[in-house]
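Novice: I'd like to ask some things about the structure below.
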Amino acid sequence: MNPIEELRRRGQSLWLDYISRGMIRSGELKRLIEQSGITGLTSNPTLFERAIDDSNDYHDALESLAAAHLDARSIYEALSVEDVRNTCDLLKPVYEATGGADGFASIEVSPFLAHDSKGSVAEASRLWREISRPNLMVKIPATEEGIPAIADALAEGININVTLIFSMRQYEAVADAFLRGIERAANPAGLASVASVFVSRIDTAVDRELENIGTPDALALRGRAAIANARLIYRRFREICSSPRFAALHARRIRPQRVLWGSTGTKNKAYPDLMYVEELVAPETINTVPPATLHALQDHGRIRGVTASEGWAEAESVLRRIRSVGVDFDALLDRLEADGVAAFGRSLDKLLERIDHKRSVAAH
């Protein structure tokens, strides 16, 4: 069976972790939606940086915006808002066919607001109004200050994609923020939210620690932390969905906050290229894949079952053993959260510099 169809049969959506104006205008994104089973899209400053820097797709728009004397930040937002709005329109048939359960495109609040709760809510509200599409999700990171912002934005009726989740501690805080926000919302049945749990970055960081330790026991644990961590978070998701608190919401036809697996491209070439796809299949989840992983899935993907529900006891054992050989796993995940916020900030800084350069070139 077609592996993407098999994912859908198992209850998992497949989203694309990439955006570019060329892909939208050429019809490539429409084809991916209609023929390849893509039912959503995520974006972030790093992806926009690549899209703008690696092509001439934005030359005319940059020239026009530069002529209007907009600064780099305003130009970036105008470009990203237009791309995400057009992507929402392309995904509208999916959104309507699923009754609002799928078919979302995401745009991120500025990473410079990651530690500003009120600023994050204000920007999420402004982007929500400006893009004005029911199948938009606004991304807010799962920082300490982001947690109350998530609840407040949901309470305002904004679909939220919570990003940069690495740890169980973060996930539980995010799930609680979702419930608190939904309970305060005027029309909660119309809201959607996802909790984006990052995967491959964990193995990259843990493997580095294990290799520094260098013992046979440590080296034997390489490549096992990320999937174990994700599977235990999925187990917690199932527990929350079965709780009396959520049962009361479910009776009002409120959807759960689906878990989204992010950063699922394999970074270590020694590992199978689809390990973060094939090993994390589960109902009411999303896997958001970069184009190379999507092509690999179409070419040789093998979906063998609901794998995220497998081996929970073994996952607990793996994380215990990682800690026992000397890896401070919890501190490492906290660092990944901080590093993720910083990386998006650097990408935005770099992108604004590129826009300034391209703006000056276009102006001449």
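Each chain in the structure tokens gets a letter, A, B, ..., in the order shown, and its residues are numbered from 1; ligands are numbered from 1 in order too.
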Would you kindly return, as a list in words, each protein, DNA or RNA residue with an atom no farther than 7 Å from any atom of stretch 337-351 of chain A, considering only C-alpha atoms and excluding same-chain residues fewer than 2 positions away?
Specialist: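 After dropping sequence-adjacent residues, the list is Pro45, Thr46, Glu49, Pro111, Phe112, Ala114, Leu164, Phe166, Leu333, Asp334, Arg335, Glu353, Arg354 and Ile355 of chain A.
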Novice: Go ahead and write the residues just picked, N, CA and C atoms, as a PDB file, in the first residue's frame.
Specialist:
ATOM      1  N   PRO A  45      11.199  31.078  10.714  1.00  0.00           N
ATOM      2  CA  PRO A  45      12.166  32.002  10.102  1.00  0.00           C
ATOM      3  C   PRO A  45      13.285  31.305   9.340  1.00  0.00           C
ATOM      4  N   THR A  46      13.720  30.135   9.807  1.00  0.00           N
ATOM      5  CA  THR A  46      14.787  29.419   9.117  1.00  0.00           C
ATOM      6  C   THR A  46      14.341  28.993   7.725  1.00  0.00           C
ATOM      7  N   GLU A  49      14.137  31.989   5.490  1.00  0.00           N
ATOM      8  CA  GLU A  49      15.491  32.414   5.126  1.00  0.00           C
ATOM      9  C   GLU A  49      15.988  31.621   3.923  1.00  0.00           C
ATOM     10  N   PRO A 111      10.576  35.166  16.997  1.00  0.00           N
ATOM     11  CA  PRO A 111      11.359  34.507  18.051  1.00  0.00           C
ATOM     12  C   PRO A 111      11.884  35.493  19.093  1.00  0.00           C
ATOM     13  N   PHE A 112      11.903  36.779  18.757  1.00  0.00           N
ATOM     14  CA  PHE A 112      12.338  37.787  19.724  1.00  0.00           C
ATOM     15  C   PHE A 112      11.306  37.978  20.834  1.00  0.00           C
ATOM     16  N   ALA A 114       9.913  35.298  22.379  1.00  0.00           N
ATOM     17  CA  ALA A 114       9.827  33.990  23.039  1.00  0.00           C
ATOM     18  C   ALA A 114       9.723  34.095  24.554  1.00  0.00           C
ATOM     19  N   LEU A 164       8.781  23.927  19.528  1.00  0.00           N
ATOM     20  CA  LEU A 164       9.992  23.757  20.339  1.00  0.00           C
ATOM     21  C   LEU A 164       9.714  23.025  21.654  1.00  0.00           C
ATOM     22  N   PHE A 166      10.504  19.748  23.711  1.00  0.00           N
ATOM     23  CA  PHE A 166      11.491  18.676  23.775  1.00  0.00           C
ATOM     24  C   PHE A 166      11.221  17.708  24.924  1.00  0.00           C
ATOM     25  N   LEU A 333      17.683  18.580  27.533  1.00  0.00           N
ATOM     26  CA  LEU A 333      16.464  18.997  26.846  1.00  0.00           C
ATOM     27  C   LEU A 333      16.173  20.473  27.094  1.00  0.00           C
ATOM     28  N   ASP A 334      16.450  20.942  28.310  1.00  0.00           N
ATOM     29  CA  ASP A 334      16.280  22.370  28.592  1.00  0.00           C
ATOM     30  C   ASP A 334      17.201  23.211  27.705  1.00  0.00           C
ATOM     31  N   ARG A 335      18.432  22.728  27.505  1.00  0.00           N
ATOM     32  CA  ARG A 335      19.369  23.453  26.641  1.00  0.00           C
ATOM     33  C   ARG A 335      18.874  23.471  25.194  1.00  0.00           C
ATOM     34  N   GLU A 353      18.993  40.703   7.466  1.00  0.00           N
ATOM     35  CA  GLU A 353      20.189  41.220   6.790  1.00  0.00           C
ATOM     36  C   GLU A 353      20.122  40.927   5.285  1.00  0.00           C
ATOM     37  N   ARG A 354      19.672  39.707   4.938  1.00  0.00           N
ATOM     38  CA  ARG A 354      19.578  39.345   3.513  1.00  0.00           C
ATOM     39  C   ARG A 354      18.537  40.216   2.813  1.00  0.00           C
ATOM     40  N   ILE A 355      17.417  40.448   3.509  1.00  0.00           N
ATOM     41  CA  ILE A 355      16.372  41.284   2.912  1.00  0.00           C
ATOM     42  C   ILE A 355      16.891  42.700   2.704  1.00  0.00           C
TER      43      ILE A 355
END
Novice: Show which residues sit within 12 Å of stretch 242-253 of chain A, as a compact mmCIF listing (two decimals) with C-alpha atoms, in the first residue's frame. Count only C-alpha atoms, and ignore same-chain residues fewer than 6 positions away.
Specialist:
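And here's around21.txt as it stands now:
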# COMPACT_ATOMS: atom_id res chain seq x y z
CA GLY A 99 -14.66 19.44 9.08
CA ALA A 101 -9.78 18.84 11.75
CA ALA A 175 -1.27 20.29 27.44
CA ASP A 176 -2.44 22.06 30.60
CA PHE A 178 -4.35 24.00 25.99
CA LEU A 179 -7.02 22.82 28.40
CA ARG A 180 -7.04 26.12 30.30
CA GLY A 181 -7.33 28.09 27.07
CA ILE A 182 -10.04 25.89 25.60
CA GLU A 183 -12.08 26.05 28.81
CA ARG A 184 -12.12 29.86 28.54
CA ALA A 185 -12.80 30.11 24.80
CA ASN A 187 -16.32 28.85 20.70
CA PRO A 188 -13.99 26.01 21.73
CA ALA A 189 -15.45 23.47 19.28
CA GLY A 190 -14.11 25.54 16.39
CA LEU A 191 -10.54 25.67 17.71
CA ALA A 192 -7.57 23.52 16.76
CA ARG A 235 1.58 7.81 26.00
CA ARG A 236 1.01 10.91 28.14
Novice: I need the strand (DSSP E or B) residues of stretch 63-145 of chain A per DSSP on the backbone, written as a PDB file with N, CA and C atoms, in the first residue's frame.
Specialist:
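Okay, this is what ended up in part_22.pdb:
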ATOM      1  N   PHE A 104      -4.184  22.795   7.853  1.00  0.00           N
ATOM      2  CA  PHE A 104      -3.699  24.037   8.456  1.00  0.00           C
ATOM      3  C   PHE A 104      -2.329  24.437   7.920  1.00  0.00           C
ATOM      4  N   ALA A 105      -2.113  25.743   7.861  1.00  0.00           N
ATOM      5  CA  ALA A 105      -0.784  26.307   7.606  1.00  0.00           C
ATOM      6  C   ALA A 105      -0.399  27.158   8.801  1.00  0.00           C
ATOM      7  N   SER A 106       0.879  27.153   9.145  1.00  0.00           N
ATOM      8  CA  SER A 106       1.344  27.826  10.355  1.00  0.00           C
ATOM      9  C   SER A 106       2.268  28.996  10.039  1.00  0.00           C
ATOM     10  N   ILE A 107       2.153  30.030  10.854  1.00  0.00           N
ATOM     11  CA  ILE A 107       3.092  31.151  10.823  1.00  0.00           C
ATOM     12  C   ILE A 107       3.547  31.396  12.255  1.00  0.00           C
ATOM     13  N   GLU A 108       4.785  31.810  12.425  1.00  0.00           N
ATOM     14  CA  GLU A 108       5.372  31.897  13.757  1.00  0.00           C
ATOM     15  C   GLU A 108       5.433  33.340  14.251  1.00  0.00           C
ATOM     16  N   LEU A 136      -5.619  28.844   9.647  1.00  0.00           N
ATOM     17  CA  LEU A 136      -4.306  29.312  10.076  1.00  0.00           C
ATOM     18  C   LEU A 136      -4.013  28.801  11.480  1.00  0.00           C
ATOM     19  N   MET A 137      -2.756  28.455  11.730  1.00  0.00           N
ATOM     20  CA  MET A 137      -2.263  28.246  13.087  1.00  0.00           C
ATOM     21  C   MET A 137      -1.113  29.213  13.323  1.00  0.00           C
ATOM     22  N   VAL A 138      -1.107  29.833  14.492  1.00  0.00           N
ATOM     23  CA  VAL A 138      -0.014  30.709  14.878  1.00  0.00           C
ATOM     24  C   VAL A 138       0.889  29.944  15.836  1.00  0.00           C
ATOM     25  N   LYS A 139       2.185  29.978  15.563  1.00  0.00           N
ATOM     26  CA  LYS A 139       3.148  29.210  16.358  1.00  0.00           C
ATOM     27  C   LYS A 139       3.695  30.053  17.505  1.00  0.00           C
ATOM     28  N   ILE A 140       3.630  29.467  18.701  1.00  0.00           N
ATOM     29  CA  ILE A 140       4.200  30.071  19.902  1.00  0.00           C
ATOM     30  C   ILE A 140       5.094  29.018  20.541  1.00  0.00           C
ATOM     31  N   PRO A 141       6.328  29.365  20.912  1.00  0.00           N
ATOM     32  CA  PRO A 141       7.214  28.361  21.504  1.00  0.00           C
ATOM     33  C   PRO A 141       6.840  28.017  22.942  1.00  0.00           C
TER      34      PRO A 141
END
Novice: Give me the residues near A:Thr307 as a PyMOL selection string, where near means some atom within 6 Å (using only C-alpha atoms) and where sequence neighbours in that chain fewer than 3 positions away do not count.
Specialist: chain A and resi 279-281+310
Novice: How would the residues just chosen look if you wrote them out with C-alpha atoms as an mmCIF file, in the first residue's frame?
Specialist:
data_model
loop_
_atom_site.group_PDB
_atom_site.id
_atom_site.type_symbol
_atom_site.label_atom_id
_atom_site.label_comp_id
_atom_site.auth_asym_id
_atom_site.auth_seq_id
_atom_site.Cartn_x
_atom_site.Cartn_y
_atom_site.Cartn_z
ATOM 1 C CA GLU A 279 8.782 4.528 14.322
ATOM 2 C CA LEU A 280 6.313 7.259 15.350
ATOM 3 C CA VAL A 281 3.044 6.301 13.677
ATOM 4 C CA GLU A 310 4.925 0.152 21.034
#
Novice: I want to know what sits within 12 Å of A:Asn268, based on only C-alpha atoms, with residues of the same chain fewer than 5 positions away left out; could you give that as an MDAnalysis selection string?
Specialist: chainID A and resid 200:205 207:208 222:223 273:276
Novice: Please identify all polymer residues within 10 Å of A:Arg85, counting only C-alpha atoms, omitting same-chain residues fewer than 4 positions from it, and present them as an mmCIF file with N, CA and C atoms, in the first residue's frame.
Specialist:
data_model
loop_
_atom_site.group_PDB
_atom_site.id
_atom_site.type_symbol
_atom_site.label_atom_id
_atom_site.label_comp_id
_atom_site.auth_asym_id
_atom_site.auth_seq_id
_atom_site.Cartn_x
_atom_site.Cartn_y
_atom_site.Cartn_z
ATOM 1 N N SER A 80 5.955 36.802 4.326
ATOM 2 C CA SER A 80 5.538 35.576 4.998
ATOM 3 C C SER A 80 4.021 35.517 5.142
ATOM 4 N N VAL A 81 3.395 36.657 5.427
ATOM 5 C CA VAL A 81 1.933 36.683 5.544
ATOM 6 C C VAL A 81 1.289 36.298 4.217
ATOM 7 N N ASP A 89 -5.231 29.043 1.624
ATOM 8 C CA ASP A 89 -6.241 28.917 0.568
ATOM 9 C C ASP A 89 -6.090 27.596 -0.184
ATOM 10 N N LEU A 90 -4.851 27.196 -0.454
ATOM 11 C CA LEU A 90 -4.634 25.918 -1.127
ATOM 12 C C LEU A 90 -5.080 24.744 -0.269
ATOM 13 N N LEU A 91 -4.962 24.896 1.054
ATOM 14 C CA LEU A 91 -5.337 23.823 1.980
ATOM 15 C C LEU A 91 -6.811 23.876 2.386
ATOM 16 N N ALA A 105 -2.113 25.743 7.861
ATOM 17 C CA ALA A 105 -0.784 26.307 7.606
ATOM 18 C C ALA A 105 -0.399 27.158 8.801
ATOM 19 N N SER A 106 0.879 27.153 9.145
ATOM 20 C CA SER A 106 1.344 27.826 10.355
ATOM 21 C C SER A 106 2.268 28.996 10.039
ATOM 22 N N ILE A 107 2.153 30.030 10.854
ATOM 23 C CA ILE A 107 3.092 31.151 10.823
ATOM 24 C C ILE A 107 3.547 31.396 12.255
ATOM 25 N N GLU A 130 -4.774 39.597 10.515
ATOM 26 C CA GLU A 130 -4.239 40.014 9.222
ATOM 27 C C GLU A 130 -4.368 38.918 8.166
ATOM 28 N N ILE A 131 -4.047 37.690 8.527
ATOM 29 C CA ILE A 131 -4.151 36.587 7.560
ATOM 30 C C ILE A 131 -5.605 36.187 7.353
ATOM 31 N N SER A 132 -6.372 36.211 8.421
ATOM 32 C CA SER A 132 -7.835 36.066 8.348
ATOM 33 C C SER A 132 -8.272 34.804 7.590
ATOM 34 N N ARG A 133 -7.754 33.677 8.027
ATOM 35 C CA ARG A 133 -8.149 32.391 7.474
ATOM 36 C C ARG A 133 -8.431 31.429 8.636
ATOM 37 N N ASN A 135 -8.163 28.317 8.791
ATOM 38 C CA ASN A 135 -7.212 27.199 8.848
ATOM 39 C C ASN A 135 -5.778 27.672 9.037
ATOM 40 N N LEU A 136 -5.619 28.844 9.647
ATOM 41 C CA LEU A 136 -4.306 29.312 10.076
ATOM 42 C C LEU A 136 -4.013 28.801 11.480
#
Novice: So which residues touch A:Phe237 within 12 Å, counting only C-alpha atoms, skipping near sequence neighbours fewer than 3 positions away, as a PyMOL selection string?
Specialist: chain A and resi 168+171-176+194-195+197+230-234+240-243+246+256-260+282-285+308-309
Novice: Which residue gives the smallest distance to A:Thr288 among A:Ile75, A:Ile52, A:Ile38, A:Ala66, with only C-alpha atoms counted?
Specialist: A:Ile38
Novice: Stretch 110-303 of chain A: which residues are helix (DSSP H, G or I) by DSSP, as JSON, numbers by chain?
Specialist: {"A": [111, 112, 113, 117, 118, 119, 120, 121, 122, 123, 124, 125, 126, 127, 128, 129, 130, 131, 146, 147, 148, 149, 150, 151, 152, 153, 154, 155, 168, 169, 170, 171, 172, 173, 174, 175, 176, 177, 178, 179, 180, 181, 182, 183, 184, 188, 189, 190, 200, 201, 202, 203, 204, 205, 206, 207, 208, 209, 210, 211, 212, 213, 216, 217, 218, 219, 225, 226, 227, 228, 229, 230, 231, 232, 233, 234, 235, 236, 237, 238, 239, 240, 241, 244, 245, 246, 247, 248, 249, 250, 275, 276, 277, 278, 291, 292, 293, 294, 295, 296, 297, 298, 299, 300]}
Novice: The selected residues should be written to file as a CSV table (one decimal), in the first residue's frame (atoms: C-alpha atoms).
Specialist:
chain,number,residue,atom,x,y,z
A,111,PRO,CA,11.4,34.5,18.1
A,112,PHE,CA,12.3,37.8,19.7
A,113,LEU,CA,9.1,37.5,21.7
A,117,SER,CA,4.0,36.5,27.2
A,118,LYS,CA,1.9,39.6,26.4
A,119,GLY,CA,3.9,40.5,23.3
A,120,SER,CA,3.4,36.9,22.0
A,121,VAL,CA,-0.4,37.1,22.5
A,122,ALA,CA,-0.6,40.6,20.9
A,123,GLU,CA,1.4,39.4,17.8
A,124,ALA,CA,-0.5,36.2,17.5
A,125,SER,CA,-3.8,38.2,17.6
A,126,ARG,CA,-2.5,40.6,15.0
A,127,LEU,CA,-1.3,37.9,12.6
A,128,TRP,CA,-4.6,36.0,13.1
A,129,ARG,CA,-6.6,39.1,12.1
A,130,GLU,CA,-4.2,40.0,9.2
A,131,ILE,CA,-4.2,36.6,7.6
A,146,GLY,CA,5.1,31.1,26.1
A,147,ILE,CA,2.9,28.8,28.2
A,148,PRO,CA,0.5,31.5,29.5
A,149,ALA,CA,0.5,33.1,26.1
A,150,ILE,CA,-0.7,29.8,24.6
A,151,ALA,CA,-3.6,29.6,27.0
A,152,ASP,CA,-4.5,33.3,26.4
A,153,ALA,CA,-4.3,33.0,22.6
A,154,LEU,CA,-6.5,29.9,22.6
A,155,ALA,CA,-9.0,31.7,24.9
A,168,MET,CA,7.9,15.7,29.1
A,169,ARG,CA,7.9,18.7,31.5
A,170,GLN,CA,7.2,21.1,28.6
A,171,TYR,CA,4.6,18.8,27.0
A,172,GLU,CA,2.6,18.5,30.2
A,173,ALA,CA,2.7,22.3,30.7
A,174,VAL,CA,1.6,22.8,27.1
A,175,ALA,CA,-1.3,20.3,27.4
A,176,ASP,CA,-2.4,22.1,30.6
A,177,ALA,CA,-2.2,25.5,28.8
A,178,PHE,CA,-4.3,24.0,26.0
A,179,LEU,CA,-7.0,22.8,28.4
A,180,ARG,CA,-7.0,26.1,30.3
A,181,GLY,CA,-7.3,28.1,27.1
A,182,ILE,CA,-10.0,25.9,25.6
A,183,GLU,CA,-12.1,26.1,28.8
A,184,ARG,CA,-12.1,29.9,28.5
A,188,PRO,CA,-14.0,26.0,21.7
A,189,ALA,CA,-15.4,23.5,19.3
A,190,GLY,CA,-14.1,25.5,16.4
A,200,SER,CA,16.0,14.3,15.7
A,201,ARG,CA,17.7,17.2,17.5
A,202,ILE,CA,17.5,15.1,20.7
A,203,ASP,CA,19.5,12.2,19.2
A,204,THR,CA,22.0,14.6,17.8
A,205,ALA,CA,22.6,16.1,21.3
A,206,VAL,CA,22.4,12.9,23.3
A,207,ASP,CA,24.7,11.0,20.9
A,208,ARG,CA,27.3,13.7,21.3
A,209,GLU,CA,27.2,13.2,25.1
A,210,LEU,CA,27.2,9.4,24.8
A,211,GLU,CA,30.3,9.5,22.5
A,212,ASN,CA,32.1,11.8,24.9
A,213,ILE,CA,31.4,9.3,27.7
A,216,PRO,CA,30.4,0.4,25.5
A,217,ASP,CA,27.1,0.9,27.5
A,218,ALA,CA,27.0,4.5,26.5
A,219,LEU,CA,27.7,3.9,22.8
A,225,ALA,CA,16.8,8.7,23.0
A,226,ALA,CA,14.5,10.7,20.6
A,227,ILE,CA,12.1,7.9,19.7
A,228,ALA,CA,11.9,6.8,23.4
A,229,ASN,CA,11.2,10.3,24.5
A,230,ALA,CA,8.5,10.8,21.8
A,231,ARG,CA,6.8,7.6,22.5
A,232,LEU,CA,6.5,8.4,26.2
A,233,ILE,CA,5.1,11.8,25.3
A,234,TYR,CA,2.5,10.1,23.1
A,235,ARG,CA,1.6,7.8,26.0
A,236,ARG,CA,1.0,10.9,28.1
A,237,PHE,CA,-1.1,12.4,25.4
A,238,ARG,CA,-3.3,9.3,25.4
A,239,GLU,CA,-3.6,9.5,29.2
A,240,ILE,CA,-4.7,13.2,29.0
A,241,CYS,CA,-7.3,12.3,26.3
A,244,PRO,CA,-12.1,13.2,33.2
A,245,ARG,CA,-11.1,16.8,32.5
A,246,PHE,CA,-10.8,16.1,28.8
A,247,ALA,CA,-13.9,13.9,28.7
A,248,ALA,CA,-16.0,16.8,29.7
A,249,LEU,CA,-14.6,18.8,26.8
A,250,HIS,CA,-14.9,15.9,24.4
A,275,MET,CA,13.4,6.2,11.3
A,276,TYR,CA,11.5,9.3,12.8
A,277,VAL,CA,8.6,8.6,10.5
A,278,GLU,CA,8.2,4.8,10.6
A,291,PRO,CA,10.9,17.6,1.2
A,292,ALA,CA,13.8,15.1,1.2
A,293,THR,CA,12.0,13.0,3.8
A,294,LEU,CA,8.7,13.2,1.9
A,295,HIS,CA,10.5,11.9,-1.2
A,296,ALA,CA,12.1,9.1,0.8
A,297,LEU,CA,8.7,8.1,2.2
A,298,GLN,CA,7.2,8.0,-1.2
A,299,ASP,CA,10.1,6.0,-2.6
A,300,HIS,CA,10.6,3.3,0.0
Novice: Report, in Å with one decimal, the straight-line distance from atom CA of A:Leu47 to atom CA of A:Ile19.
Specialist: 6.6 Å
Novice: Pick the closest to A:Asn2 from A:Val109, A:Leu336, A:Val84, A:Ile303: which is it, counting only C-alpha atoms?
Specialist: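 Among the listed residues, A:Ile303 lies closest to A:Asn2.
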Novice: Which of these, A:Ser193, A:Ser167, A:Thr266, A:Thr143, has the shortest distance to A:Ala331 once you count only C-alpha atoms?
Specialist: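 Nearest to A:Ala331: A:Ser167.
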